Amino acid sequence: MGILYDDDVVIIRQSEKEGDPSVITVNCPDKTGLGCDLCRIILFFGLSIVRGDVSTDGKWCYLVFWVVGKSTTRWGLLKKRLVEACPSCSSASGLSYYRAESQPPRPPDVFLLKLSCHDRKGLLHDVTSVLCELELAIKKVKVSTTPDGSVIDLFFITDTRELLHTNKRKEDTFDHLKAVMGNTMLSCEIEMVGPEITACSAECSFLPAAITENILPLEIPDELPSSLTSTSVSVNMDNSLSPGHTLVQIVCQDHKGLLYDIMRTLKDYNIQISYGRFSTNRGRACDIDLFLTQTDGKKIVDPSKQKALSSRLEMELVRPLRVATVSRGPDTELLVANPVELSGKGRPLVFHDITLSLKMLHTCIFSAEIRRRMIGDREFEVYRVLLDEGEGLAVPRSKIEEQVWKMLMGWKQ
């Protein structure tokens, strides 16, 4: 069972009828966190998981995801990325021999994309969409508007395809950006940056303590706006129904990336799923049953560990992201906080969804930045967007918060 053709690792059966789910089957050696990595990729491709089955014996796993999403999904590329996420393999004579990871992967090269252009509504979202389409991941961004009305965008990006060091890939990126921006583009430069530049860009800008406490709490506050939370979250743990596993039963409201939020939490706690089933019902209600073990293969019997895991799961399902608007002097600033996995990976498409929401609200962006910040023992990706109010903010702050939240959660606007 240790030898597989690449085509056998991931099988995708596309739906024949519009509205029906497509089915993704993954059959490969297991590793802790594999489900999280696969769900993150599926989320990046704009697909929603409406049903899922996971089973493993600790060495080999079998996962099935029923997904719905865009008609423009690049299924071939999705399959390639899913195969790459499975335990690494070496090829010989058309066969793939799977082996355990011998060493951690090398961090990807970081590039600085410098854009100068004339400003217009929705420009930042259009640029972000192009980068997502090209699989250029935005690690950090600094956007500012000059007194003459032009915009300078600094994107620190990595290339999933690992080709951005080539002239062809750079030219392709320029052509895609030019096609979207047209004559508004003044200049475009792409260069690799060294670790000293990356480290400098990682220095966190100041966030007032009041803001930190309000939007980045490590526990669920007593009172939260109902429009900025998921409702009816129930997490129950039981050790009596299985002789070798802890059963976790979750009932909650569906949202975009729900299964990813559960999987990343279990990955951070180094918990393994032996068997799991996920399904959505009408009205966005979800039922999840997970049979779990610790890395030693035993149940979770320590009450403190049970409480910690249960509380974290509830927190991540009630507020998978944090959204708030605050005053920054006389102006309005939108803040979005996204928990980062212990592996260093963040939730995909957050900046894309933020900029899309503001574009739909006809709200202009004066400046924006993405930085990572440690709060307690957890790392967050913090998005700070200063809104261009002109003669006054036409859209109420509460409306901006609600629309951004709904976009991030995948709920109807």
# chains A, B, ... in the order shown; residues from 1 in each chain; ligands from 1

$ residues_around --residues "A:Asp353" --least-positions-apart "5" --cutoff "8 Å" --atoms "only C-alpha atoms" --output "NGL selection string"
:A and (404 or 407-408)

$ residues_around --residues "stretch 21-25 of chain A" --least-positions-apart "4" --cutoff "9 Å" --atoms "only C-alpha atoms" --output "PDB file with N, CA, C and O atoms, in the first residue's frame"
ATOM      1  N   VAL A   9      -3.590   9.542  -5.650  1.00  0.00           N
ATOM      2  CA  VAL A   9      -3.535  10.226  -4.357  1.00  0.00           C
ATOM      3  C   VAL A   9      -4.740  11.144  -4.194  1.00  0.00           C
ATOM      4  O   VAL A   9      -5.399  11.151  -3.155  1.00  0.00           O
ATOM      5  N   VAL A  10      -5.033  11.926  -5.212  1.00  0.00           N
ATOM      6  CA  VAL A  10      -6.171  12.845  -5.183  1.00  0.00           C
ATOM      7  C   VAL A  10      -7.028  12.582  -6.425  1.00  0.00           C
ATOM      8  O   VAL A  10      -6.527  12.628  -7.545  1.00  0.00           O
ATOM      9  N   ILE A  11      -8.297  12.322  -6.206  1.00  0.00           N
ATOM     10  CA  ILE A  11      -9.244  12.114  -7.299  1.00  0.00           C
ATOM     11  C   ILE A  11     -10.368  13.137  -7.153  1.00  0.00           C
ATOM     12  O   ILE A  11     -10.960  13.267  -6.076  1.00  0.00           O
ATOM     13  N   ILE A  12     -10.631  13.880  -8.217  1.00  0.00           N
ATOM     14  CA  ILE A  12     -11.691  14.880  -8.199  1.00  0.00           C
ATOM     15  C   ILE A  12     -12.763  14.503  -9.219  1.00  0.00           C
ATOM     16  O   ILE A  12     -12.463  14.323 -10.401  1.00  0.00           O
ATOM     17  N   ARG A  13     -13.982  14.360  -8.735  1.00  0.00           N
ATOM     18  CA  ARG A  13     -15.110  14.075  -9.621  1.00  0.00           C
ATOM     19  C   ARG A  13     -15.993  15.315  -9.659  1.00  0.00           C
ATOM     20  O   ARG A  13     -16.690  15.634  -8.696  1.00  0.00           O
ATOM     21  N   GLN A  14     -15.932  16.023 -10.771  1.00  0.00           N
ATOM     22  CA  GLN A  14     -16.686  17.263 -10.895  1.00  0.00           C
ATOM     23  C   GLN A  14     -18.179  16.973 -11.038  1.00  0.00           C
ATOM     24  O   GLN A  14     -18.580  15.968 -11.630  1.00  0.00           O
ATOM     25  N   SER A  15     -18.984  17.874 -10.503  1.00  0.00           N
ATOM     26  CA  SER A  15     -20.440  17.695 -10.562  1.00  0.00           C
ATOM     27  C   SER A  15     -20.918  17.806 -12.002  1.00  0.00           C
ATOM     28  O   SER A  15     -20.401  18.586 -12.798  1.00  0.00           O
ATOM     29  N   GLU A  16     -21.921  17.012 -12.332  1.00  0.00           N
ATOM     30  CA  GLU A  16     -22.481  17.036 -13.679  1.00  0.00           C
ATOM     31  C   GLU A  16     -23.631  18.032 -13.796  1.00  0.00           C
ATOM     32  O   GLU A  16     -23.966  18.468 -14.893  1.00  0.00           O
ATOM     33  N   LYS A  17     -24.223  18.383 -12.671  1.00  0.00           N
ATOM     34  CA  LYS A  17     -25.365  19.289 -12.679  1.00  0.00           C
ATOM     35  C   LYS A  17     -25.027  20.526 -11.842  1.00  0.00           C
ATOM     36  O   LYS A  17     -24.439  20.416 -10.765  1.00  0.00           O
ATOM     37  N   ILE A  49     -16.855  23.537   1.707  1.00  0.00           N
ATOM     38  CA  ILE A  49     -17.069  22.121   1.994  1.00  0.00           C
ATOM     39  C   ILE A  49     -18.441  21.968   2.642  1.00  0.00           C
ATOM     40  O   ILE A  49     -18.711  22.530   3.695  1.00  0.00           O
ATOM     41  N   VAL A  50     -19.327  21.213   1.995  1.00  0.00           N
ATOM     42  CA  VAL A  50     -20.679  21.031   2.514  1.00  0.00           C
ATOM     43  C   VAL A  50     -20.846  19.682   3.211  1.00  0.00           C
ATOM     44  O   VAL A  50     -21.838  19.455   3.913  1.00  0.00           O
ATOM     45  N   TYR A  62      -7.870   8.330   4.628  1.00  0.00           N
ATOM     46  CA  TYR A  62      -8.808   8.406   3.512  1.00  0.00           C
ATOM     47  C   TYR A  62      -9.762   9.548   3.825  1.00  0.00           C
ATOM     48  O   TYR A  62     -10.468   9.535   4.842  1.00  0.00           O
ATOM     49  N   LEU A  63      -9.780  10.573   2.967  1.00  0.00           N
ATOM     50  CA  LEU A  63     -10.613  11.750   3.186  1.00  0.00           C
ATOM     51  C   LEU A  63     -11.479  12.008   1.967  1.00  0.00           C
ATOM     52  O   LEU A  63     -10.995  11.897   0.822  1.00  0.00           O
ATOM     53  N   VAL A  64     -12.727  12.361   2.202  1.00  0.00           N
ATOM     54  CA  VAL A  64     -13.647  12.702   1.109  1.00  0.00           C
ATOM     55  C   VAL A  64     -14.313  14.033   1.450  1.00  0.00           C
ATOM     56  O   VAL A  64     -14.851  14.206   2.547  1.00  0.00           O
ATOM     57  N   PHE A  65     -14.240  14.981   0.518  1.00  0.00           N
ATOM     58  CA  PHE A  65     -14.863  16.288   0.700  1.00  0.00           C
ATOM     59  C   PHE A  65     -15.863  16.534  -0.440  1.00  0.00           C
ATOM     60  O   PHE A  65     -15.505  16.382  -1.610  1.00  0.00           O
ATOM     61  N   TRP A  66     -17.074  16.917  -0.082  1.00  0.00           N
ATOM     62  CA  TRP A  66     -18.065  17.359  -1.063  1.00  0.00           C
ATOM     63  C   TRP A  66     -18.018  18.889  -1.069  1.00  0.00           C
ATOM     64  O   TRP A  66     -18.229  19.525  -0.017  1.00  0.00           O
ATOM     65  N   VAL A  67     -17.719  19.496  -2.203  1.00  0.00           N
ATOM     66  CA  VAL A  67     -17.487  20.939  -2.255  1.00  0.00           C
ATOM     67  C   VAL A  67     -18.371  21.610  -3.303  1.00  0.00           C
ATOM     68  O   VAL A  67     -18.735  21.008  -4.310  1.00  0.00           O
ATOM     69  N   VAL A  68     -18.702  22.866  -3.040  1.00  0.00           N
ATOM     70  CA  VAL A  68     -19.417  23.698  -4.011  1.00  0.00           C
ATOM     71  C   VAL A  68     -18.670  25.021  -4.102  1.00  0.00           C
ATOM     72  O   VAL A  68     -17.957  25.423  -3.183  1.00  0.00           O
ATOM     73  N   GLY A  69     -18.840  25.694  -5.233  1.00  0.00           N
ATOM     74  CA  GLY A  69     -18.141  26.970  -5.386  1.00  0.00           C
ATOM     75  C   GLY A  69     -18.238  27.518  -6.783  1.00  0.00           C
ATOM     76  O   GLY A  69     -19.239  27.338  -7.481  1.00  0.00           O
ATOM     77  N   LYS A  79      -5.962  20.096  -7.874  1.00  0.00           N
ATOM     78  CA  LYS A  79      -5.470  18.733  -7.628  1.00  0.00           C
ATOM     79  C   LYS A  79      -3.964  18.731  -7.396  1.00  0.00           C
ATOM     80  O   LYS A  79      -3.467  18.055  -6.479  1.00  0.00           O
TER      81      LYS A  79
END

$ residues_around --residues "A:Glu381" --least-positions-apart "6" --cutoff "10 Å" --atoms "only C-alpha atoms" --output "list in words"
Lys139, Lys140, Leu321, Val336, Ala337, Asn338, Pro339, Val340, Lys345, Gly346, Arg347, Val350, Ile370, Arg371, Arg372, Arg373 and Met374 of chain A

$ closest_atom_pairs --of "stretch 292-325 of chain A" --to "stretch 263-281 of chain A" --cutoff "7 Å" --atoms "only C-alpha atoms" --output "CSV"
residue,atom,partner,partner_atom,distance
A:Leu292,CA,A:Ile273,CA,4.7
A:Thr293,CA,A:Gln272,CA,5.4
A:Gln294,CA,A:Ile271,CA,5.1
A:Thr295,CA,A:Ile271,CA,6.4
A:Leu313,CA,A:Thr265,CA,6.7

$ write_last_selection --atoms "all heavy atoms" --output "mmCIF file, in the first residue's frame"
data_model
loop_
_atom_site.group_PDB
_atom_site.id
_atom_site.type_symbol
_atom_site.label_atom_id
_atom_site.label_comp_id
_atom_site.auth_asym_id
_atom_site.auth_seq_id
_atom_site.Cartn_x
_atom_site.Cartn_y
_atom_site.Cartn_z
ATOM 1 N N LEU A 292 -11.331 11.418 18.414
ATOM 2 C CA LEU A 292 -9.987 11.978 18.535
ATOM 3 C C LEU A 292 -9.090 11.165 19.470
ATOM 4 O O LEU A 292 -9.574 10.476 20.379
ATOM 5 C CB LEU A 292 -10.066 13.415 19.074
ATOM 6 C CG LEU A 292 -11.020 14.385 18.386
ATOM 7 C CD1 LEU A 292 -11.013 15.729 19.095
ATOM 8 C CD2 LEU A 292 -10.649 14.539 16.917
ATOM 9 N N THR A 293 -7.788 11.273 19.237
ATOM 10 C CA THR A 293 -6.781 10.753 20.160
ATOM 11 C C THR A 293 -5.647 11.760 20.276
ATOM 12 O O THR A 293 -5.471 12.616 19.405
ATOM 13 C CB THR A 293 -6.191 9.411 19.690
ATOM 14 O OG1 THR A 293 -5.505 9.609 18.442
ATOM 15 C CG2 THR A 293 -7.268 8.348 19.522
ATOM 16 N N GLN A 294 -4.884 11.645 21.348
ATOM 17 C CA GLN A 294 -3.668 12.419 21.491
ATOM 18 C C GLN A 294 -2.564 11.756 20.668
ATOM 19 O O GLN A 294 -2.758 10.689 20.087
ATOM 20 C CB GLN A 294 -3.266 12.505 22.969
ATOM 21 C CG GLN A 294 -4.366 13.090 23.846
ATOM 22 C CD GLN A 294 -3.987 13.107 25.317
ATOM 23 O OE1 GLN A 294 -3.759 14.150 25.894
ATOM 24 N NE2 GLN A 294 -3.914 11.921 25.924
ATOM 25 N N THR A 295 -1.399 12.374 20.631
ATOM 26 C CA THR A 295 -0.304 11.809 19.831
ATOM 27 C C THR A 295 0.153 10.458 20.358
ATOM 28 O O THR A 295 0.744 9.668 19.613
ATOM 29 C CB THR A 295 0.892 12.774 19.803
ATOM 30 O OG1 THR A 295 1.229 13.154 21.143
ATOM 31 C CG2 THR A 295 0.560 14.025 19.006
ATOM 32 N N LEU A 313 -12.085 25.514 20.751
ATOM 33 C CA LEU A 313 -12.959 25.216 19.618
ATOM 34 C C LEU A 313 -14.171 26.152 19.602
ATOM 35 O O LEU A 313 -14.539 26.694 18.556
ATOM 36 C CB LEU A 313 -13.427 23.760 19.688
ATOM 37 C CG LEU A 313 -12.430 22.689 19.231
ATOM 38 C CD1 LEU A 313 -12.934 21.308 19.605
ATOM 39 C CD2 LEU A 313 -12.168 22.775 17.737
#

$ atom_distance --atom1 "atom CA of A:Val143" --atom2 "atom CA of A:Ile190"
15.8 Å

$ select_by_dssp --residues "stretch 302-337 of chain A" --states "helix (DSSP H, G or I)" --output "list in words"
Pro303, Ser304, Lys305, Gln306, Lys307, Ala308, Leu309, Ser310, Ser311, Arg312, Leu313, Glu314, Met315, Glu316, Leu317 and Val318 of chain A

$ closest_residue --among "A:Val110, A:Met237, A:Leu123, A:Asp254" --to "A:Lys305" --atoms "only C-alpha atoms"
A:Met237

$ select_by_dssp --residues "stretch 35-192 of chain A" --states "strand (DSSP E)" --output "MDAnalysis selection string"
chainID A and resid 48:56 60:68 89:92 95:98 111:118 136:145 150:159 185:192

$ closest_residue --among "A:Leu124, A:Met192, A:Leu335, A:Leu349" --to "A:Phe45" --atoms "only C-alpha atoms"
A:Leu349

$ residues_around --residues "A:Cys188" --least-positions-apart "3" --cutoff "7 Å" --atoms "only C-alpha atoms" --output "mmCIF file with C-alpha atoms, in the first residue's frame"
data_model
loop_
_atom_site.group_PDB
_atom_site.id
_atom_site.type_symbol
_atom_site.label_atom_id
_atom_site.label_comp_id
_atom_site.auth_asym_id
_atom_site.auth_seq_id
_atom_site.Cartn_x
_atom_site.Cartn_y
_atom_site.Cartn_z
ATOM 1 C CA LYS A 114 6.146 48.005 -5.771
ATOM 2 C CA LEU A 115 3.200 49.551 -7.593
ATOM 3 C CA SER A 116 2.659 53.207 -8.350
#

$ closest_atom_pairs --of "stretch 295-322 of chain A" --to "stretch 239-249 of chain A" --cutoff "12 Å" --atoms "only C-alpha atoms" --output "JSON lines"
{"residue": "A:Thr295", "atom": "CA", "partner": "A:His245", "partner_atom": "CA", "distance": 11.9}
{"residue": "A:Asp296", "atom": "CA", "partner": "A:Gly244", "partner_atom": "CA", "distance": 11.5}
{"residue": "A:Gly297", "atom": "CA", "partner": "A:Gly244", "partner_atom": "CA", "distance": 8.2}
{"residue": "A:Lys298", "atom": "CA", "partner": "A:Gly244", "partner_atom": "CA", "distance": 6.6}
{"residue": "A:Lys299", "atom": "CA", "partner": "A:His245", "partner_atom": "CA", "distance": 5.1}
{"residue": "A:Ile300", "atom": "CA", "partner": "A:Thr246", "partner_atom": "CA", "distance": 6.1}
{"residue": "A:Val301", "atom": "CA", "partner": "A:Asn239", "partner_atom": "CA", "distance": 7.6}
{"residue": "A:Asp302", "atom": "CA", "partner": "A:Asn239", "partner_atom": "CA", "distance": 11.0}
{"residue": "A:Pro303", "atom": "CA", "partner": "A:Asn239", "partner_atom": "CA", "distance": 11.2}
{"residue": "A:Lys305", "atom": "CA", "partner": "A:Thr246", "partner_atom": "CA", "distance": 11.9}
{"residue": "A:Gln306", "atom": "CA", "partner": "A:Thr246", "partner_atom": "CA", "distance": 9.6}
{"residue": "A:Lys307", "atom": "CA", "partner": "A:Val248", "partner_atom": "CA", "distance": 11.9}
{"residue": "A:Leu309", "atom": "CA", "partner": "A:Val248", "partner_atom": "CA", "distance": 10.1}
{"residue": "A:Ser310", "atom": "CA", "partner": "A:Val248", "partner_atom": "CA", "distance": 8.7}
{"residue": "A:Leu313", "atom": "CA", "partner": "A:Val248", "partner_atom": "CA", "distance": 10.3}
{"residue": "A:Glu314", "atom": "CA", "partner": "A:Gln249", "partner_atom": "CA", "distance": 11.5}

$ write_last_selection --atoms "all heavy atoms" --output "tab-separated table (two decimals), in the first residue's frame"
chain	number	residue	atom	x	y	z
A	295	THR	N	-1.40	12.37	20.63
A	295	THR	CA	-0.30	11.81	19.83
A	295	THR	C	0.15	10.46	20.36
A	295	THR	O	0.74	9.67	19.61
A	295	THR	CB	0.89	12.77	19.80
A	295	THR	OG1	1.23	13.15	21.14
A	295	THR	CG2	0.56	14.02	19.01
A	296	ASP	N	-0.11	10.16	21.64
A	296	ASP	CA	0.25	8.86	22.19
A	296	ASP	C	-0.80	7.80	21.89
A	296	ASP	O	-0.69	6.65	22.33
A	296	ASP	CB	0.47	8.96	23.70
A	296	ASP	CG	-0.77	9.46	24.46
A	296	ASP	OD1	-1.83	9.63	23.82
A	296	ASP	OD2	-0.67	9.68	25.68
A	297	GLY	N	-1.84	8.18	21.11
A	297	GLY	CA	-2.87	7.23	20.72
A	297	GLY	C	-3.95	7.01	21.76
A	297	GLY	O	-4.82	6.15	21.57
A	298	LYS	N	-3.91	7.77	22.85
A	298	LYS	CA	-4.87	7.58	23.93
A	298	LYS	C	-5.94	8.68	23.91
A	298	LYS	O	-5.80	9.70	23.26
A	298	LYS	CB	-4.14	7.58	25.28
A	298	LYS	CG	-3.14	6.44	25.42
A	298	LYS	CD	-2.44	6.50	26.78
A	298	LYS	CE	-1.43	5.36	26.93
A	298	LYS	NZ	-0.71	5.42	28.24
A	299	LYS	N	-7.01	8.43	24.68
A	299	LYS	CA	-8.08	9.41	24.81
A	299	LYS	C	-7.58	10.67	25.50
A	299	LYS	O	-6.53	10.69	26.14
A	299	LYS	CB	-9.22	8.82	25.66
A	299	LYS	CG	-9.98	7.67	25.06
A	299	LYS	CD	-11.10	7.29	26.03
A	299	LYS	CE	-11.95	6.14	25.49
A	299	LYS	NZ	-13.06	5.82	26.42
A	300	ILE	N	-8.41	11.71	25.40
A	300	ILE	CA	-8.15	12.95	26.14
A	300	ILE	C	-8.93	12.83	27.45
A	300	ILE	O	-10.14	13.08	27.50
A	300	ILE	CB	-8.62	14.19	25.35
A	300	ILE	CG1	-8.05	14.16	23.93
A	300	ILE	CG2	-8.23	15.47	26.06
A	300	ILE	CD1	-8.65	15.20	23.00
A	301	VAL	N	-8.26	12.43	28.52
A	301	VAL	CA	-8.95	12.18	29.80
A	301	VAL	C	-8.68	13.27	30.82
A	301	VAL	O	-9.45	13.42	31.78
A	301	VAL	CB	-8.54	10.80	30.38
A	301	VAL	CG1	-9.02	9.69	29.46
A	301	VAL	CG2	-7.03	10.71	30.57
A	302	ASP	N	-7.62	14.02	30.66
A	302	ASP	CA	-7.30	15.10	31.59
A	302	ASP	C	-8.37	16.18	31.49
A	302	ASP	O	-8.56	16.79	30.43
A	302	ASP	CB	-5.92	15.68	31.25
A	302	ASP	CG	-5.45	16.71	32.27
A	302	ASP	OD1	-6.31	17.34	32.92
A	302	ASP	OD2	-4.23	16.89	32.42
A	303	PRO	N	-9.11	16.47	32.58
A	303	PRO	CA	-10.18	17.48	32.53
A	303	PRO	C	-9.69	18.85	32.09
A	303	PRO	O	-10.40	19.57	31.37
A	303	PRO	CB	-10.70	17.52	33.98
A	303	PRO	CG	-10.33	16.19	34.55
A	303	PRO	CD	-9.04	15.82	33.90
A	305	LYS	N	-7.21	19.48	30.00
A	305	LYS	CA	-6.99	19.44	28.56
A	305	LYS	C	-8.32	19.45	27.81
A	305	LYS	O	-8.45	20.11	26.77
A	305	LYS	CB	-6.18	18.19	28.19
A	305	LYS	CG	-4.73	18.23	28.64
A	305	LYS	CD	-3.98	16.99	28.17
A	305	LYS	CE	-2.51	17.05	28.60
A	305	LYS	NZ	-1.77	15.83	28.16
A	306	GLN	N	-9.30	18.74	28.36
A	306	GLN	CA	-10.62	18.74	27.73
A	306	GLN	C	-11.22	20.14	27.72
A	306	GLN	O	-11.74	20.61	26.71
A	306	GLN	CB	-11.56	17.80	28.50
A	306	GLN	CG	-11.27	16.32	28.31
A	306	GLN	CD	-12.33	15.46	28.99
A	306	GLN	OE1	-13.35	15.95	29.44
A	306	GLN	NE2	-12.06	14.16	29.06
A	307	LYS	N	-11.11	20.83	28.86
A	307	LYS	CA	-11.67	22.17	28.97
A	307	LYS	C	-10.96	23.14	28.03
A	307	LYS	O	-11.60	23.97	27.37
A	307	LYS	CB	-11.57	22.67	30.41
A	307	LYS	CG	-12.20	24.04	30.62
A	307	LYS	CD	-12.14	24.47	32.08
A	307	LYS	CE	-12.76	25.85	32.26
A	307	LYS	NZ	-12.70	26.30	33.68
A	309	LEU	N	-9.29	22.48	25.20
A	309	LEU	CA	-9.62	22.20	23.80
A	309	LEU	C	-11.05	22.61	23.49
A	309	LEU	O	-11.32	23.23	22.45
A	309	LEU	CB	-9.42	20.72	23.50
A	309	LEU	CG	-9.77	20.27	22.08
A	309	LEU	CD1	-8.95	21.03	21.05
A	309	LEU	CD2	-9.55	18.76	21.92
A	310	SER	N	-11.99	22.31	24.37
A	310	SER	CA	-13.39	22.65	24.15
A	310	SER	C	-13.57	24.17	24.08
A	310	SER	O	-14.28	24.68	23.20
A	310	SER	CB	-14.25	22.07	25.28
A	310	SER	OG	-15.60	22.42	25.12
A	313	LEU	N	-12.09	25.51	20.75
A	313	LEU	CA	-12.96	25.22	19.62
A	313	LEU	C	-14.17	26.15	19.60
A	313	LEU	O	-14.54	26.69	18.56
A	313	LEU	CB	-13.43	23.76	19.69
A	313	LEU	CG	-12.43	22.69	19.23
A	313	LEU	CD1	-12.93	21.31	19.61
A	313	LEU	CD2	-12.17	22.77	17.74
A	314	GLU	N	-14.76	26.36	20.78
A	314	GLU	CA	-15.92	27.25	20.85
A	314	GLU	C	-15.54	28.67	20.45
A	314	GLU	O	-16.26	29.33	19.70
A	314	GLU	CB	-16.50	27.25	22.27
A	314	GLU	CG	-17.77	28.07	22.40
A	314	GLU	CD	-18.36	28.04	23.79
A	314	GLU	OE1	-17.82	27.30	24.65
A	314	GLU	OE2	-19.35	28.75	24.03

$ closest_residue --among "A:Arg312, A:Arg328, A:Arg284, A:Arg397" --to "A:Ile262" --atoms "only C-alpha atoms"
A:Arg312

$ atom_distance --atom1 "atom CA of A:Cys252" --atom2 "atom CA of A:Arg51"
14.1 Å

$ atom_distance --atom1 "atom CA of A:Lys412" --atom2 "atom CA of A:Leu358"
15.1 Å

$ closest_residue --among "A:Gly122, A:Lys70, A:Leu82, A:Glu379" --to "A:Leu342" --atoms "only C-alpha atoms"
A:Glu379

$ residues_around --residues "A:Asp172" --least-positions-apart "3" --cutoff "12 Å" --atoms "only C-alpha atoms" --output "list in words"
Val130, Leu131, Glu133, Leu134, Leu136, Leu163, Leu164, His165, Thr166, Asn167, Lys168, Arg169, Asp175, His176, Leu177, Lys178, Ala179 and Ile190 of chain A

$ decode --residues "stretch 41-47 of chain A" --atoms "all heavy atoms" --output "PDB file, in the first residue's frame"
ATOM      1  N   ILE A  41      -6.212  24.714   1.519  1.00  0.00           N
ATOM      2  CA  ILE A  41      -6.061  24.800   0.061  1.00  0.00           C
ATOM      3  C   ILE A  41      -7.432  24.909  -0.607  1.00  0.00           C
ATOM      4  O   ILE A  41      -7.641  25.722  -1.511  1.00  0.00           O
ATOM      5  CB  ILE A  41      -5.294  23.578  -0.473  1.00  0.00           C
ATOM      6  CG1 ILE A  41      -3.839  23.617   0.023  1.00  0.00           C
ATOM      7  CG2 ILE A  41      -5.327  23.533  -2.003  1.00  0.00           C
ATOM      8  CD1 ILE A  41      -3.063  22.346  -0.239  1.00  0.00           C
ATOM      9  N   ILE A  42      -8.377  24.092  -0.155  1.00  0.00           N
ATOM     10  CA  ILE A  42      -9.726  24.136  -0.721  1.00  0.00           C
ATOM     11  C   ILE A  42     -10.341  25.513  -0.507  1.00  0.00           C
ATOM     12  O   ILE A  42     -10.990  26.076  -1.392  1.00  0.00           O
ATOM     13  CB  ILE A  42     -10.591  23.028  -0.093  1.00  0.00           C
ATOM     14  CG1 ILE A  42     -10.092  21.644  -0.556  1.00  0.00           C
ATOM     15  CG2 ILE A  42     -12.066  23.204  -0.454  1.00  0.00           C
ATOM     16  CD1 ILE A  42     -10.739  20.478   0.163  1.00  0.00           C
ATOM     17  N   LEU A  43     -10.117  26.100   0.673  1.00  0.00           N
ATOM     18  CA  LEU A  43     -10.614  27.445   0.968  1.00  0.00           C
ATOM     19  C   LEU A  43      -9.954  28.483   0.072  1.00  0.00           C
ATOM     20  O   LEU A  43     -10.621  29.399  -0.418  1.00  0.00           O
ATOM     21  CB  LEU A  43     -10.358  27.770   2.447  1.00  0.00           C
ATOM     22  CG  LEU A  43     -10.804  29.149   2.950  1.00  0.00           C
ATOM     23  CD1 LEU A  43     -12.300  29.335   2.738  1.00  0.00           C
ATOM     24  CD2 LEU A  43     -10.444  29.310   4.421  1.00  0.00           C
ATOM     25  N   PHE A  44      -8.660  28.339  -0.178  1.00  0.00           N
ATOM     26  CA  PHE A  44      -7.949  29.282  -1.034  1.00  0.00           C
ATOM     27  C   PHE A  44      -8.519  29.295  -2.454  1.00  0.00           C
ATOM     28  O   PHE A  44      -8.546  30.331  -3.114  1.00  0.00           O
ATOM     29  CB  PHE A  44      -6.456  28.930  -1.083  1.00  0.00           C
ATOM     30  CG  PHE A  44      -5.663  29.803  -2.017  1.00  0.00           C
ATOM     31  CD1 PHE A  44      -5.243  31.064  -1.628  1.00  0.00           C
ATOM     32  CD2 PHE A  44      -5.342  29.377  -3.297  1.00  0.00           C
ATOM     33  CE1 PHE A  44      -4.530  31.880  -2.489  1.00  0.00           C
ATOM     34  CE2 PHE A  44      -4.625  30.180  -4.170  1.00  0.00           C
ATOM     35  CZ  PHE A  44      -4.215  31.442  -3.755  1.00  0.00           C
ATOM     36  N   PHE A  45      -8.999  28.149  -2.919  1.00  0.00           N
ATOM     37  CA  PHE A  45      -9.559  28.062  -4.268  1.00  0.00           C
ATOM     38  C   PHE A  45     -11.023  28.499  -4.315  1.00  0.00           C
ATOM     39  O   PHE A  45     -11.694  28.339  -5.329  1.00  0.00           O
ATOM     40  CB  PHE A  45      -9.403  26.645  -4.817  1.00  0.00           C
ATOM     41  CG  PHE A  45      -8.056  26.385  -5.449  1.00  0.00           C
ATOM     42  CD1 PHE A  45      -6.941  26.126  -4.672  1.00  0.00           C
ATOM     43  CD2 PHE A  45      -7.894  26.427  -6.824  1.00  0.00           C
ATOM     44  CE1 PHE A  45      -5.700  25.900  -5.243  1.00  0.00           C
ATOM     45  CE2 PHE A  45      -6.665  26.201  -7.416  1.00  0.00           C
ATOM     46  CZ  PHE A  45      -5.554  25.937  -6.621  1.00  0.00           C
ATOM     47  N   GLY A  46     -11.518  29.069  -3.208  1.00  0.00           N
ATOM     48  CA  GLY A  46     -12.862  29.629  -3.203  1.00  0.00           C
ATOM     49  C   GLY A  46     -13.979  28.617  -3.109  1.00  0.00           C
ATOM     50  O   GLY A  46     -15.124  28.916  -3.482  1.00  0.00           O
ATOM     51  N   LEU A  47     -13.684  27.416  -2.625  1.00  0.00           N
ATOM     52  CA  LEU A  47     -14.693  26.367  -2.522  1.00  0.00           C
ATOM     53  C   LEU A  47     -15.169  26.218  -1.080  1.00  0.00           C
ATOM     54  O   LEU A  47     -14.411  26.431  -0.135  1.00  0.00           O
ATOM     55  CB  LEU A  47     -14.126  25.033  -3.012  1.00  0.00           C
ATOM     56  CG  LEU A  47     -13.659  25.003  -4.471  1.00  0.00           C
ATOM     57  CD1 LEU A  47     -12.952  23.681  -4.763  1.00  0.00           C
ATOM     58  CD2 LEU A  47     -14.837  25.189  -5.419  1.00  0.00           C
TER      59      LEU A  47
END
